[in-house]
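Text of the file coords03.cif, holding mmCIF, C-alpha atoms and all ligand atoms:
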```
data_model
#
loop_
_atom_site.label_atom_id
_atom_site.label_comp_id
_atom_site.auth_asym_id
_atom_site.auth_seq_id
_atom_site.Cartn_x
_atom_site.Cartn_y
_atom_site.Cartn_z
CA MET I 1 11.69 26.26 10.85
CA ALA I 2 10.68 22.66 10.41
CA ARG I 3 12.17 19.57 8.84
CA ILE I 4 9.96 18.13 6.12
CA VAL I 5 10.16 15.04 3.89
CA MET I 6 8.07 15.43 0.71
CA LYS I 7 7.21 12.37 -1.41
CA PHE I 8 5.80 12.58 -4.94
CA GLY I 9 4.16 9.57 -6.62
CA GLY I 10 4.22 8.50 -10.26
CA THR I 11 1.26 10.52 -11.57
CA SER I 12 2.66 13.63 -9.88
CA VAL I 13 5.90 13.34 -11.88
CA ALA I 14 4.41 11.90 -15.08
CA ASP I 15 5.98 14.51 -17.39
CA ILE I 16 8.23 17.56 -17.29
CA ALA I 17 5.31 19.98 -16.77
CA ARG I 18 4.24 18.03 -13.67
CA ILE I 19 7.82 17.83 -12.43
CA ARG I 20 7.90 21.64 -12.69
CA ASN I 21 4.75 21.82 -10.60
CA VAL I 22 6.31 19.48 -8.03
CA ALA I 23 9.39 21.71 -7.95
CA ARG I 24 7.14 24.67 -7.08
CA HIS I 25 5.77 22.72 -4.07
CA VAL I 26 9.35 22.06 -2.96
CA LYS I 27 10.41 25.68 -3.51
CA ARG I 28 7.47 26.89 -1.41
CA GLU I 29 8.71 24.94 1.61
CA VAL I 30 12.35 25.90 1.02
CA ASP I 31 11.43 29.59 0.72
CA ALA I 32 9.53 29.31 4.01
CA GLY I 33 12.88 28.41 5.60
CA HIS I 34 12.27 24.69 6.16
CA GLU I 35 14.80 21.89 5.82
CA VAL I 36 13.53 19.74 2.98
CA ALA I 37 14.32 16.27 1.62
CA VAL I 38 12.35 14.92 -1.33
CA VAL I 39 11.55 11.34 -2.33
CA VAL I 40 10.34 10.56 -5.84
CA SER I 41 8.71 7.65 -7.65
CA ALA I 42 9.23 6.69 -11.26
CA MET I 43 7.17 8.56 -13.87
CA ALA I 44 3.64 7.11 -14.21
CA GLY I 45 3.62 3.76 -16.00
CA LYS I 46 7.42 3.49 -16.07
CA THR I 47 7.76 0.78 -13.43
CA ASN I 48 5.07 -1.32 -15.13
CA GLU I 49 6.96 -1.00 -18.40
CA LEU I 50 10.24 -2.04 -16.77
CA VAL I 51 8.59 -5.00 -15.02
CA ALA I 52 7.06 -6.10 -18.34
CA TRP I 53 10.48 -5.96 -20.01
CA THR I 54 12.04 -8.23 -17.39
CA ARG I 55 9.20 -10.74 -17.98
CA GLU I 56 9.58 -10.49 -21.74
CA ALA I 57 13.32 -11.12 -21.43
CA SER I 58 12.56 -14.22 -19.38
CA PRO I 59 9.40 -15.21 -17.47
CA MET I 60 11.61 -16.73 -14.74
CA HIS I 61 14.38 -14.28 -13.91
CA ASP I 62 17.00 -13.48 -11.31
CA ALA I 63 15.45 -11.16 -8.70
CA ARG I 64 18.72 -9.20 -8.40
CA GLU I 65 18.59 -8.34 -12.09
CA TYR I 66 14.87 -7.51 -11.82
CA ASP I 67 15.90 -4.96 -9.19
CA ALA I 68 18.71 -3.60 -11.36
CA VAL I 69 16.12 -2.92 -14.07
CA VAL I 70 13.07 -1.67 -12.15
CA ALA I 71 15.02 0.64 -9.80
CA SER I 72 16.09 2.72 -12.81
CA GLY I 73 12.76 4.57 -13.10
CA GLU I 74 13.28 6.46 -9.85
CA GLN I 75 16.84 7.40 -10.82
CA VAL I 76 15.52 9.26 -13.87
CA THR I 77 12.91 11.23 -11.92
CA ALA I 78 15.35 12.18 -9.16
CA GLY I 79 17.76 13.63 -11.72
CA LEU I 80 15.02 15.45 -13.61
CA LEU I 81 13.61 17.03 -10.45
CA ALA I 82 17.10 18.09 -9.29
CA ILE I 83 17.70 19.76 -12.68
CA THR I 84 14.32 21.53 -12.50
CA LEU I 85 14.95 22.74 -8.95
CA GLN I 86 18.43 24.00 -9.82
CA ASN I 87 16.88 25.89 -12.72
CA MET I 88 14.54 27.61 -10.26
CA GLY I 89 17.48 28.65 -8.14
CA VAL I 90 17.02 25.95 -5.48
CA HIS I 91 20.20 24.21 -4.29
CA ALA I 92 19.35 20.56 -5.05
CA ARG I 93 21.14 17.28 -5.69
CA SER I 94 19.84 13.81 -6.60
CA TRP I 95 20.77 10.71 -4.61
CA GLN I 96 20.21 7.01 -5.15
CA GLY I 97 19.59 4.56 -2.33
CA TRP I 98 23.13 3.16 -2.28
CA GLN I 99 24.70 6.59 -2.01
CA ILE I 100 23.04 7.51 1.29
CA PRO I 101 22.99 4.52 2.00
CA ILE I 102 19.51 3.10 2.56
CA LYS I 103 20.39 -0.40 3.74
CA THR I 104 17.91 -3.23 3.14
CA ASP I 105 17.72 -6.95 3.67
CA ASN I 106 18.40 -9.42 0.89
CA ALA I 107 14.79 -10.05 -0.22
CA HIS I 108 15.22 -8.69 -3.75
CA GLY I 109 11.96 -7.41 -5.20
CA ALA I 110 10.33 -7.06 -1.79
CA ALA I 111 13.16 -5.88 0.44
CA ARG I 112 12.72 -4.26 3.85
CA ILE I 113 14.68 -1.24 4.97
CA LEU I 114 17.03 -2.11 7.84
CA ASP I 115 18.89 1.15 8.36
CA ILE I 116 19.24 4.64 6.91
CA ASP I 117 22.21 6.90 7.52
CA GLY I 118 20.27 9.91 8.80
CA ALA I 119 23.53 11.82 9.42
CA PHE I 120 24.23 11.90 5.70
CA LEU I 121 20.95 13.69 5.02
CA ILE I 122 21.23 15.94 8.05
CA LYS I 123 24.60 17.10 6.67
CA ARG I 124 22.79 18.04 3.44
CA PHE I 125 20.32 20.13 5.45
CA GLY I 126 23.31 21.86 7.06
CA GLU I 127 24.60 22.76 3.58
CA GLY I 128 21.22 24.17 2.62
CA GLN I 129 20.85 21.44 0.01
CA VAL I 130 17.59 19.78 -0.96
CA ALA I 131 18.36 16.07 -1.32
CA VAL I 132 16.19 14.54 -4.05
CA ILE I 133 16.16 10.84 -3.25
CA ALA I 134 15.18 7.99 -5.57
CA GLY I 135 12.40 6.13 -3.75
CA PHE I 136 11.61 2.40 -3.87
CA GLN I 137 15.27 1.36 -3.63
CA GLY I 138 18.13 0.68 -1.28
CA ILE I 139 21.22 -1.49 -1.13
CA GLY I 140 21.25 -5.07 0.13
CA PRO I 141 23.90 -6.95 2.13
CA ASP I 142 25.10 -8.37 -1.20
CA ASN I 143 26.04 -4.81 -2.19
CA ARG I 144 23.41 -4.75 -4.92
CA ILE I 145 20.39 -2.51 -5.54
CA ALA I 146 17.26 -3.87 -3.87
CA THR I 147 13.69 -2.65 -4.42
CA LEU I 148 11.00 -2.43 -1.76
CA GLY I 149 7.95 -3.94 -3.48
CA ARG I 150 5.34 -2.10 -5.54
CA GLY I 151 4.33 1.23 -4.07
CA GLY I 152 7.56 1.21 -2.03
CA SER I 153 8.41 4.90 -2.42
CA ASP I 154 5.89 5.66 0.33
CA THR I 155 7.98 3.46 2.61
CA SER I 156 11.22 5.14 1.52
CA ALA I 157 9.72 8.50 2.47
CA VAL I 158 8.41 7.50 5.90
CA ALA I 159 11.63 5.64 6.74
CA ILE I 160 13.70 8.68 5.76
CA ALA I 161 11.41 10.94 7.81
CA ALA I 162 11.99 8.67 10.82
CA ALA I 163 15.77 8.57 10.24
CA VAL I 164 16.14 12.36 10.13
CA LYS I 165 13.49 12.90 12.82
CA ALA I 166 11.41 15.04 10.46
CA ASP I 167 8.55 17.11 11.83
CA ARG I 168 6.37 15.91 8.97
CA CYS I 169 6.21 13.49 6.06
CA ASP I 170 4.01 14.71 3.21
CA ILE I 171 2.86 12.07 0.74
CA TYR I 172 1.83 13.99 -2.38
CA THR I 173 -0.34 11.97 -4.76
CA ASP I 174 -3.14 12.35 -7.33
CA VAL I 175 -5.91 12.63 -4.71
CA ASP I 176 -6.08 15.22 -1.95
CA GLY I 177 -6.12 12.72 0.90
CA VAL I 178 -7.44 9.40 2.13
CA TYR I 179 -11.08 8.89 1.20
CA THR I 180 -13.84 6.76 2.70
CA THR I 181 -13.26 4.50 -0.32
CA ASP I 182 -11.39 4.65 -3.62
CA PRO I 183 -12.77 7.84 -5.25
CA ARG I 184 -12.23 6.25 -8.66
CA ILE I 185 -14.95 3.71 -7.85
CA GLU I 186 -17.29 5.82 -5.76
CA PRO I 187 -17.40 9.51 -6.71
CA LYS I 188 -19.43 10.15 -3.55
CA ALA I 189 -16.48 9.10 -1.38
CA ARG I 190 -15.45 11.79 1.10
CA ARG I 191 -12.04 12.87 2.21
CA LEU I 192 -11.21 12.05 5.81
CA ALA I 193 -9.53 14.86 7.74
CA LYS I 194 -7.87 12.27 9.98
CA ILE I 195 -7.58 8.49 10.08
CA SER I 196 -5.97 6.37 12.80
CA PHE I 197 -2.81 4.38 12.13
CA GLU I 198 -4.65 1.12 12.79
CA GLU I 199 -7.48 1.87 10.38
CA MET I 200 -5.05 3.06 7.71
CA LEU I 201 -3.06 -0.12 8.17
CA GLU I 202 -6.20 -2.19 7.55
CA MET I 203 -7.29 -0.03 4.61
CA ALA I 204 -3.85 -0.37 3.00
CA SER I 205 -3.46 -4.08 3.61
CA LEU I 206 -7.00 -4.75 2.37
CA GLY I 207 -6.37 -3.08 -0.95
CA ALA I 208 -6.47 0.75 -0.70
CA LYS I 209 -3.21 1.37 -2.52
CA VAL I 210 -3.01 5.04 -1.57
CA LEU I 211 -0.20 4.09 0.87
CA GLN I 212 2.04 1.02 0.91
CA VAL I 213 1.28 -1.08 4.00
CA ARG I 214 4.85 -1.01 5.26
CA SER I 215 4.90 2.80 5.20
CA VAL I 216 1.93 2.90 7.57
CA GLU I 217 3.60 0.38 9.91
CA LEU I 218 6.73 2.52 10.02
CA ALA I 219 4.75 5.73 10.57
CA MET I 220 2.94 4.03 13.45
CA VAL I 221 6.06 2.62 15.10
CA HIS I 222 8.17 5.76 14.71
CA ARG I 223 5.31 8.20 15.26
CA VAL I 224 5.90 10.00 11.98
CA ARG I 225 3.39 12.78 11.39
CA THR I 226 2.20 11.72 7.93
CA PHE I 227 -0.06 13.75 5.65
CA VAL I 228 -1.56 12.48 2.40
CA ARG I 229 -2.18 15.44 0.07
CA SER I 230 -2.48 16.39 -3.60
CA SER I 231 0.37 17.46 -5.85
CA PHE I 232 -2.22 18.84 -8.29
CA ASP I 233 -3.30 21.58 -5.91
CA ASP I 234 -1.87 24.98 -6.81
CA PRO I 235 1.45 25.06 -4.93
CA ASP I 236 0.82 28.66 -3.89
CA ALA I 237 -2.86 28.38 -2.93
CA PRO I 238 -3.77 29.62 0.58
CA GLY I 239 -3.00 27.12 3.34
CA MET I 240 -0.66 24.95 1.24
CA GLY I 241 2.32 26.01 3.31
CA ASP I 242 0.49 25.54 6.62
CA LEU I 243 2.92 23.98 9.05
CA LEU I 244 0.53 22.10 11.32
CA ASN I 245 -2.49 21.31 9.19
CA PRO I 246 -1.83 21.40 5.48
CA PRO I 247 -4.80 20.38 3.30
CA GLY I 248 -5.07 16.58 3.20
CA THR I 249 -5.49 13.64 5.56
CA LEU I 250 -3.46 13.24 8.73
CA ILE I 251 -2.62 9.67 9.78
CA CYS I 252 -2.61 9.83 13.57
CA ASP I 253 -3.30 8.20 16.92
CA GLU I 254 -6.84 7.11 17.60
CA GLU I 255 -7.01 9.54 20.55
CA GLU I 256 -6.54 12.52 18.21
CA ILE I 257 -9.80 11.75 16.43
CA VAL I 258 -12.64 13.43 18.23
CA GLU I 259 -15.67 12.22 16.31
CA GLN I 260 -15.05 8.53 15.73
CA GLN I 261 -17.46 6.86 13.29
CA VAL I 262 -18.41 3.20 13.56
CA VAL I 263 -17.28 2.55 9.99
CA THR I 264 -14.45 4.64 8.56
CA GLY I 265 -13.94 3.19 5.11
CA ILE I 266 -14.42 0.48 2.51
CA ALA I 267 -11.48 -1.18 0.75
CA TYR I 268 -11.35 -3.74 -2.02
CA ALA I 269 -8.82 -6.10 -3.57
CA LYS I 270 -9.41 -7.62 -6.99
CA ASP I 271 -7.81 -10.71 -8.49
CA GLU I 272 -8.28 -13.10 -5.64
CA ALA I 273 -8.69 -16.82 -6.27
CA GLN I 274 -10.49 -19.44 -4.24
CA ILE I 275 -9.07 -22.94 -3.81
CA SER I 276 -11.06 -25.76 -2.22
CA LEU I 277 -9.80 -29.13 -1.06
CA ARG I 278 -12.68 -31.58 -0.94
CA ARG I 279 -12.93 -34.42 1.55
CA VAL I 280 -9.79 -33.77 3.55
CA GLY I 281 -9.13 -35.95 6.61
CA ASP I 282 -10.44 -34.19 9.75
CA ARG I 283 -7.54 -34.83 12.10
CA PRO I 284 -4.90 -32.87 14.03
CA GLY I 285 -2.05 -31.57 11.88
CA VAL I 286 -3.97 -31.38 8.62
CA ALA I 287 -4.04 -27.57 8.44
CA ALA I 288 -0.34 -27.41 9.28
CA GLY I 289 0.31 -30.04 6.60
CA ILE I 290 -1.41 -27.88 3.96
CA PHE I 291 -0.55 -24.30 4.91
CA GLY I 292 3.04 -24.95 6.02
CA PRO I 293 4.23 -25.97 2.54
CA LEU I 294 2.19 -23.15 0.92
CA ALA I 295 3.91 -20.61 3.17
CA GLU I 296 7.31 -22.12 2.40
CA ALA I 297 6.54 -21.61 -1.29
CA ASN I 298 5.93 -17.92 -0.46
CA ILE I 299 2.24 -18.12 -1.29
CA ASN I 300 0.19 -15.60 0.60
CA VAL I 301 -2.88 -17.45 1.86
CA ASP I 302 -5.59 -15.10 3.03
CA MET I 303 -9.11 -16.19 4.03
CA ILE I 304 -9.41 -19.75 5.31
CA VAL I 305 -12.69 -21.56 5.84
CA GLN I 306 -12.91 -25.11 7.19
CA ASN I 307 -16.30 -26.73 7.26
CA ILE I 308 -17.45 -28.60 10.34
CA SER I 309 -17.25 -32.21 9.34
CA GLU I 310 -20.49 -34.16 9.46
CA ASP I 311 -19.04 -37.53 10.34
CA GLY I 312 -15.92 -36.37 12.18
CA LYS I 313 -13.78 -37.96 9.49
CA LEU I 314 -13.79 -35.83 6.36
CA THR I 315 -14.12 -32.10 5.81
CA ASP I 316 -13.74 -29.39 3.12
CA MET I 317 -11.03 -26.74 3.31
CA THR I 318 -11.38 -23.52 1.32
CA PHE I 319 -8.94 -20.62 1.17
CA THR I 320 -7.96 -17.68 -1.02
CA VAL I 321 -4.67 -16.71 -2.68
CA PRO I 322 -3.80 -13.91 -5.15
CA SER I 323 -4.85 -15.05 -8.67
CA GLY I 324 -1.24 -14.86 -9.83
CA ASP I 325 -0.27 -17.55 -7.30
CA VAL I 326 -2.91 -20.15 -8.25
CA ASP I 327 -0.71 -22.29 -10.50
CA LYS I 328 2.09 -22.31 -7.93
CA ALA I 329 -0.38 -23.24 -5.17
CA LEU I 330 -1.94 -26.04 -7.21
CA ALA I 331 1.51 -27.48 -7.91
CA VAL I 332 2.30 -27.50 -4.18
CA LEU I 333 -1.06 -29.11 -3.35
CA GLU I 334 -0.63 -31.79 -6.00
CA LYS I 335 2.62 -32.86 -4.36
CA LEU I 336 0.91 -32.96 -0.96
CA LYS I 337 -1.92 -35.22 -2.09
CA PRO I 338 -0.49 -38.55 -0.88
CA GLU I 339 0.48 -37.10 2.49
CA VAL I 340 -2.59 -34.94 3.24
CA GLY I 341 -5.11 -37.18 1.55
CA TYR I 342 -7.89 -35.23 -0.10
CA ASP I 343 -10.33 -36.15 -2.81
CA VAL I 344 -10.16 -33.31 -5.33
CA VAL I 345 -8.88 -29.78 -5.51
CA GLN I 346 -10.96 -27.09 -7.18
CA SER I 347 -9.92 -23.55 -8.00
CA GLU I 348 -11.69 -20.48 -9.26
CA SER I 349 -10.09 -17.14 -10.14
CA GLY I 350 -11.66 -13.71 -10.65
CA MET I 351 -12.89 -13.13 -7.10
CA SER I 352 -12.70 -9.90 -5.14
CA LYS I 353 -12.47 -9.13 -1.46
CA VAL I 354 -14.39 -6.13 -0.15
CA SER I 355 -13.75 -4.97 3.41
CA VAL I 356 -15.51 -2.72 5.87
CA ILE I 357 -13.10 -1.00 8.29
CA GLY I 358 -13.68 0.98 11.45
CA ILE I 359 -12.36 1.17 15.00
CA GLY I 360 -15.92 1.86 16.19
CA MET I 361 -16.80 -1.76 15.37
CA ARG I 362 -15.11 -2.78 18.60
CA SER I 363 -18.00 -1.39 20.54
CA HIS I 364 -20.90 -1.70 18.08
CA ALA I 365 -22.82 -4.85 17.29
CA GLY I 366 -24.62 -5.48 14.02
CA VAL I 367 -22.10 -3.99 11.61
CA ALA I 368 -21.57 -7.32 9.86
CA ALA I 369 -25.28 -8.10 9.66
CA THR I 370 -25.88 -4.74 7.96
CA ALA I 371 -23.28 -5.60 5.31
CA PHE I 372 -24.73 -9.05 4.65
CA LYS I 373 -28.25 -7.70 4.24
CA ALA I 374 -27.15 -4.86 1.95
CA LEU I 375 -25.28 -7.28 -0.31
CA ALA I 376 -28.19 -9.73 -0.31
CA ASP I 377 -30.56 -6.95 -1.38
CA LYS I 378 -28.36 -6.46 -4.45
CA ALA I 379 -28.27 -10.25 -5.06
CA ILE I 380 -24.51 -10.38 -4.47
CA ASN I 381 -23.46 -13.82 -3.33
CA ILE I 382 -21.04 -14.09 -0.40
CA ARG I 383 -18.45 -16.83 -0.81
CA ALA I 384 -16.42 -16.41 2.37
CA ILE I 385 -16.21 -14.07 5.34
CA THR I 386 -13.46 -13.19 7.78
CA THR I 387 -13.61 -10.71 10.61
CA SER I 388 -11.30 -9.07 13.10
CA GLU I 389 -11.92 -6.51 15.82
CA ILE I 390 -11.97 -3.59 13.39
CA LYS I 391 -12.80 -5.10 10.00
CA ILE I 392 -15.07 -7.45 8.07
CA SER I 393 -13.85 -8.92 4.78
CA ILE I 394 -16.20 -10.54 2.29
CA LEU I 395 -15.25 -12.60 -0.75
CA ILE I 396 -17.48 -12.08 -3.80
CA ASP I 397 -17.44 -12.65 -7.56
CA GLY I 398 -15.19 -10.09 -9.28
CA PRO I 399 -17.80 -8.50 -11.59
CA TYR I 400 -19.75 -7.30 -8.52
CA THR I 401 -16.82 -5.43 -6.96
CA GLU I 402 -17.87 -1.89 -7.84
CA LEU I 403 -21.51 -2.52 -6.94
CA ALA I 404 -20.51 -4.05 -3.60
CA VAL I 405 -18.17 -1.17 -2.73
CA ARG I 406 -20.85 1.43 -3.54
CA THR I 407 -23.54 -0.50 -1.71
CA LEU I 408 -21.50 -0.82 1.47
CA HIS I 409 -20.29 2.77 1.23
CA SER I 410 -23.88 3.96 1.15
CA VAL I 411 -25.38 1.57 3.71
CA TYR I 412 -23.05 2.92 6.42
CA GLY I 413 -23.87 6.50 5.39
CA LEU I 414 -20.29 7.25 4.38
CA ASP I 415 -21.47 9.43 1.49
CA LYS I 416 -23.54 11.62 3.82
CA GLN I 417 -21.61 12.48 6.98
P1 LIG Q 1 1.12 7.43 -6.24
O1 LIG Q 1 1.54 7.16 -7.64
O2 LIG Q 1 1.08 8.89 -5.92
O3 LIG Q 1 1.87 6.63 -5.23
P2 LIG Q 1 -1.10 5.58 -6.09
O4 LIG Q 1 -1.75 5.33 -7.40
O5 LIG Q 1 -0.17 4.58 -5.56
O6 LIG Q 1 -0.42 7.03 -6.17
O7 LIG Q 1 -2.22 5.86 -4.97
C1 LIG Q 1 -3.21 6.84 -5.18
C2 LIG Q 1 -4.48 6.18 -5.65
O8 LIG Q 1 -5.01 5.34 -4.63
C3 LIG Q 1 -5.62 7.12 -5.94
O9 LIG Q 1 -5.56 7.62 -7.26
C4 LIG Q 1 -6.87 6.28 -5.69
O10 LIG Q 1 -7.46 5.81 -6.90
C5 LIG Q 1 -6.35 5.07 -4.92
N1 LIG Q 1 -7.11 4.83 -3.70
C6 LIG Q 1 -7.61 3.63 -3.31
N2 LIG Q 1 -8.28 3.73 -2.18
C7 LIG Q 1 -8.20 5.02 -1.78
C8 LIG Q 1 -8.70 5.75 -0.67
N3 LIG Q 1 -9.41 5.16 0.29
N4 LIG Q 1 -8.44 7.08 -0.60
C9 LIG Q 1 -7.72 7.70 -1.55
N5 LIG Q 1 -7.22 7.05 -2.64
C10 LIG Q 1 -7.45 5.74 -2.76
N1 LIG Q 2 7.64 3.14 -8.87
C1 LIG Q 2 7.34 2.09 -7.91
C2 LIG Q 2 6.03 1.41 -8.27
O1 LIG Q 2 5.39 1.79 -9.24
C3 LIG Q 2 7.33 2.59 -6.49
C4 LIG Q 2 6.26 3.62 -6.18
O2 LIG Q 2 5.66 4.22 -7.08
O3 LIG Q 2 6.02 3.84 -4.99
O4 LIG Q 2 5.66 0.47 -7.62
MG MG Q 3 1.71 4.61 -4.59
#
```
Will you turn the file into structure tokens for me?
Ligand code: ADP
Ligand code: ASP
Ligand code: MG
Amino acid sequence: MARIVMKFGGTSVADIARIRNVARHVKREVDAGHEVAVVVSAMAGKTNELVAWTREASPMHDAREYDAVVASGEQVTAGLLAITLQNMGVHARSWQGWQIPIKTDNAHGAARILDIDGAFLIKRFGEGQVAVIAGFQGIGPDNRIATLGRGGSDTSAVAIAAAVKADRCDIYTDVDGVYTTDPRIEPKARRLAKISFEEMLEMASLGAKVLQVRSVELAMVHRVRTFVRSSFDDPDAPGMGDLLNPPGTLICDEEEIVEQQVVTGIAYAKDEAQISLRRVGDRPGVAAGIFGPLAEANINVDMIVQNISEDGKLTDMTFTVPSGDVDKALAVLEKLKPEVGYDVVQSESGMSKVSVIGIGMRSHAGVAATAFKALADKAINIRAITTSEIKISILIDGPYTELAVRTLHSVYGLDKQ
């Protein structure tokens, strides 16, 4: 017997027929004698609809009320799955975040989980009950519903798996694992049998939305055995109930991966914007003077490029922010003008960031040069570059995103191995 947390994403619970299919996956594990807790997302498109309604009601709105609205999608799915399971003869009950409770901090709309009462869920296992838990939500110190940021049900699932010391956390989605790149963009992408926590963390934070970043962090810290797998597979197909290696991708320690490739995957993030400050004073404290106030305004600055100044007096500073934050950033910069002292500020939206990720880069030279040459051969202009030990990120014009992803995917032979 094992203890398993099963999470089902929006497309997997998009309608009643799919919820029935999900229930069959759950029943399979229950019939095998395992202790099972389930985490569900809202039905596909529901959260977007709820978010749009809050904006329509008022473009500027109270984050606590946003949470009250958008958390409702998961409540519906949890109830529907519990009904379906009961109808199949499985002892099931739905639970919302506050009932367990899943305690979060006060950052409404992007809250972090602080604590989960594992004993509550373990008691349910003892009663032979399948707890069907609404993902994406918890309860804040203000006693109000708080949501965990888009894609947050993954984080609910991994955090619950850690709290009940589950043997496994299965993330069921609309693809059968983590691929070398988004299979929607590159049909030649291949499924990875295993990927290290570190690489998955980079992939997720650089745009691969198959897992929310925070869920990977938690899996890494708490050593949760996490599998990404497909809910569309036949629940009773051979191997689906395999305890150690179900079909899918295992997120694991680097040491568990025998054949490490130099490059593991390509990720992309659309809707980036580039902001340039021209002729900024080249003196100590200038960067702090610009990026401090931007951070205080909660603007997520990503790539930063500062030119070497020719005369030692004036320089150009270029950085990227999500397109949605441009207006807010420009307002902050306008206020800073007298203090920082720059000539003009220019901004351009519609950029994309493509990233090459792989632990093998630590010990291989020339990975970046290969990317630059491949993009040049396709006449794709590079606007900015950042690198770390295990990744290279390149800023390009948005319309070239798909071409850049496919080009990089092929130049590192990811479609062939
Ligand atoms: P869910 O609703 O189940 O949470 P998401 O839409 O959040 O599903 O995540 C699954 C999607 O992530 C896939 O449909 C796929 O298009 C996308 N994706 C992006 N990069 C990757 C990748 N490297 N491997 C697998 N899927 C990826
Ligand atoms: N329903 C939420 C969202 O769409 C959470 C999730 O699906 O993980 O962001
Ligand atoms: Mg998701």
Determine, using all atoms listed in the file, which residues of chain I have any atom at most 6 Å from an atom of ligand LIG 1 (chain Q), and tabulate each with its shortest atom pair and distance in Å to one decimal place, rows ordered by chain and then rising number, as CSV.
```
residue,atom,partner,partner_atom,distance
I:Gly9,CA,Q:LIG1,O2,3.2
I:Gly10,CA,Q:LIG1,O1,4.0
I:Thr11,CA,Q:LIG1,O1,5.2
I:Gly151,CA,Q:LIG1,O5,5.8
I:Thr173,CA,Q:LIG1,O2,3.6
I:Asp174,CA,Q:LIG1,O9,5.3
I:Val175,CA,Q:LIG1,O9,5.6
I:Gly177,CA,Q:LIG1,C9,5.8
I:Val178,CA,Q:LIG1,N4,3.7
I:Tyr179,CA,Q:LIG1,N4,3.7
I:Thr180,CA,Q:LIG1,N3,5.3
I:Thr181,CA,Q:LIG1,N3,4.0
I:Asp182,CA,Q:LIG1,N2,3.5
I:Pro183,CA,Q:LIG1,O10,5.9
I:Arg184,CA,Q:LIG1,O10,5.1
I:Ala208,CA,Q:LIG1,N2,3.8
I:Lys209,CA,Q:LIG1,O8,4.8
I:Val210,CA,Q:LIG1,O7,3.6
```
Would you pick out the contacts of stretch 396-405 of chain I at 12 Å or less, using all atoms listed in the file, so that residues sharing its chain but fewer than 3 positions from it are not included, and give the list as a PyMOL selection string? chain I and resi 180-189+265-274+320+323+348-356+371-385+393+408-412+414-415
Mind checking which residues fall within 10 Å of I:Ala162, counting all atoms listed in the file, ignoring those fewer than 4 positions away in the same chain, and posting them as a ChimeraX atom specification? /I:5,116,118,156-158,166-169,218-219,221-225
Just C-alpha atoms for this one: save the residues we selected as a PDB file, in the coordinates of the input.
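Output (again.pdb):
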```
ATOM      1  CA  VAL I   5      10.160  15.040   3.890  1.00  0.00           C
ATOM      2  CA  ILE I 116      19.240   4.640   6.910  1.00  0.00           C
ATOM      3  CA  GLY I 118      20.270   9.910   8.800  1.00  0.00           C
ATOM      4  CA  SER I 156      11.220   5.140   1.520  1.00  0.00           C
ATOM      5  CA  ALA I 157       9.720   8.500   2.470  1.00  0.00           C
ATOM      6  CA  VAL I 158       8.410   7.500   5.900  1.00  0.00           C
ATOM      7  CA  ALA I 166      11.410  15.040  10.460  1.00  0.00           C
ATOM      8  CA  ASP I 167       8.550  17.110  11.830  1.00  0.00           C
ATOM      9  CA  ARG I 168       6.370  15.910   8.970  1.00  0.00           C
ATOM     10  CA  CYS I 169       6.210  13.490   6.060  1.00  0.00           C
ATOM     11  CA  LEU I 218       6.730   2.520  10.020  1.00  0.00           C
ATOM     12  CA  ALA I 219       4.750   5.730  10.570  1.00  0.00           C
ATOM     13  CA  VAL I 221       6.060   2.620  15.100  1.00  0.00           C
ATOM     14  CA  HIS I 222       8.170   5.760  14.710  1.00  0.00           C
ATOM     15  CA  ARG I 223       5.310   8.200  15.260  1.00  0.00           C
ATOM     16  CA  VAL I 224       5.900  10.000  11.980  1.00  0.00           C
ATOM     17  CA  ARG I 225       3.390  12.780  11.390  1.00  0.00           C
TER      18      ARG I 225
END
```
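When all atoms listed in the file are used to compute distances to I:Thr155, the closest of the residues I:Lys328, I:Lys7, I:Lys313, I:Arg229 turns out to be I:Lys7.
Minimum distance to I:Leu80 across I:Val30, I:Asp170, I:Ile133, I:Val216 (counting only C-alpha atoms) occurs at I:Ile133.
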Nearest candidate to I:Ser205 (options I:Ile304, I:Leu85, I:Ile357, I:Ala295; using all atoms listed in the file):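 With all atoms listed in the file as the atom set, the closest residue is I:Ile357.
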As a short mmCIF file (atom, residue, chain, number, x, y, z; two decimals) with C-alpha atoms, keeping the file's coordinate frame, please: the residues near I:Phe197 (cut-off 6 Å, only C-alpha atoms, same-chain neighbours under 5 positions excluded).
```
data_model
loop_
_atom_site.label_atom_id
_atom_site.label_comp_id
_atom_site.auth_asym_id
_atom_site.auth_seq_id
_atom_site.Cartn_x
_atom_site.Cartn_y
_atom_site.Cartn_z
CA MET I 220 2.94 4.03 13.45
CA ILE I 251 -2.62 9.67 9.78
CA CYS I 252 -2.61 9.83 13.57
#
```
Option closest in space to ligand LIG 2 (chain Q), from I:Val76, I:Ala365, I:Ala57, I:Leu277 [counting only C-alpha atoms and all ligand atoms]: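 Closest to ligand LIG 2 (chain Q), using only C-alpha atoms and all ligand atoms: I:Val76.
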7 Å from ligand LIG 2 (chain Q) is the threshold here; counting all atoms listed in the file, which polymer residues fall inside it? Answer as number ranges by chain. I: 9-10, 41-42, 47-48, 73-74, 135-136, 149-154
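Minimum distance to ligand MG 3 (chain Q) across I:Gly341, I:Gly45, I:Gly128, I:Pro284 (counting all atoms listed in the file) occurs at I:Gly45.
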Correct to one decimal, the distance atom CA of I:Leu148-atom CA of I:Gln212 is 10.0 Å
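Rounded to one decimal, atom CA of I:Glu254 and atom CA of I:Glu198 lie 8.0 Å from each other.
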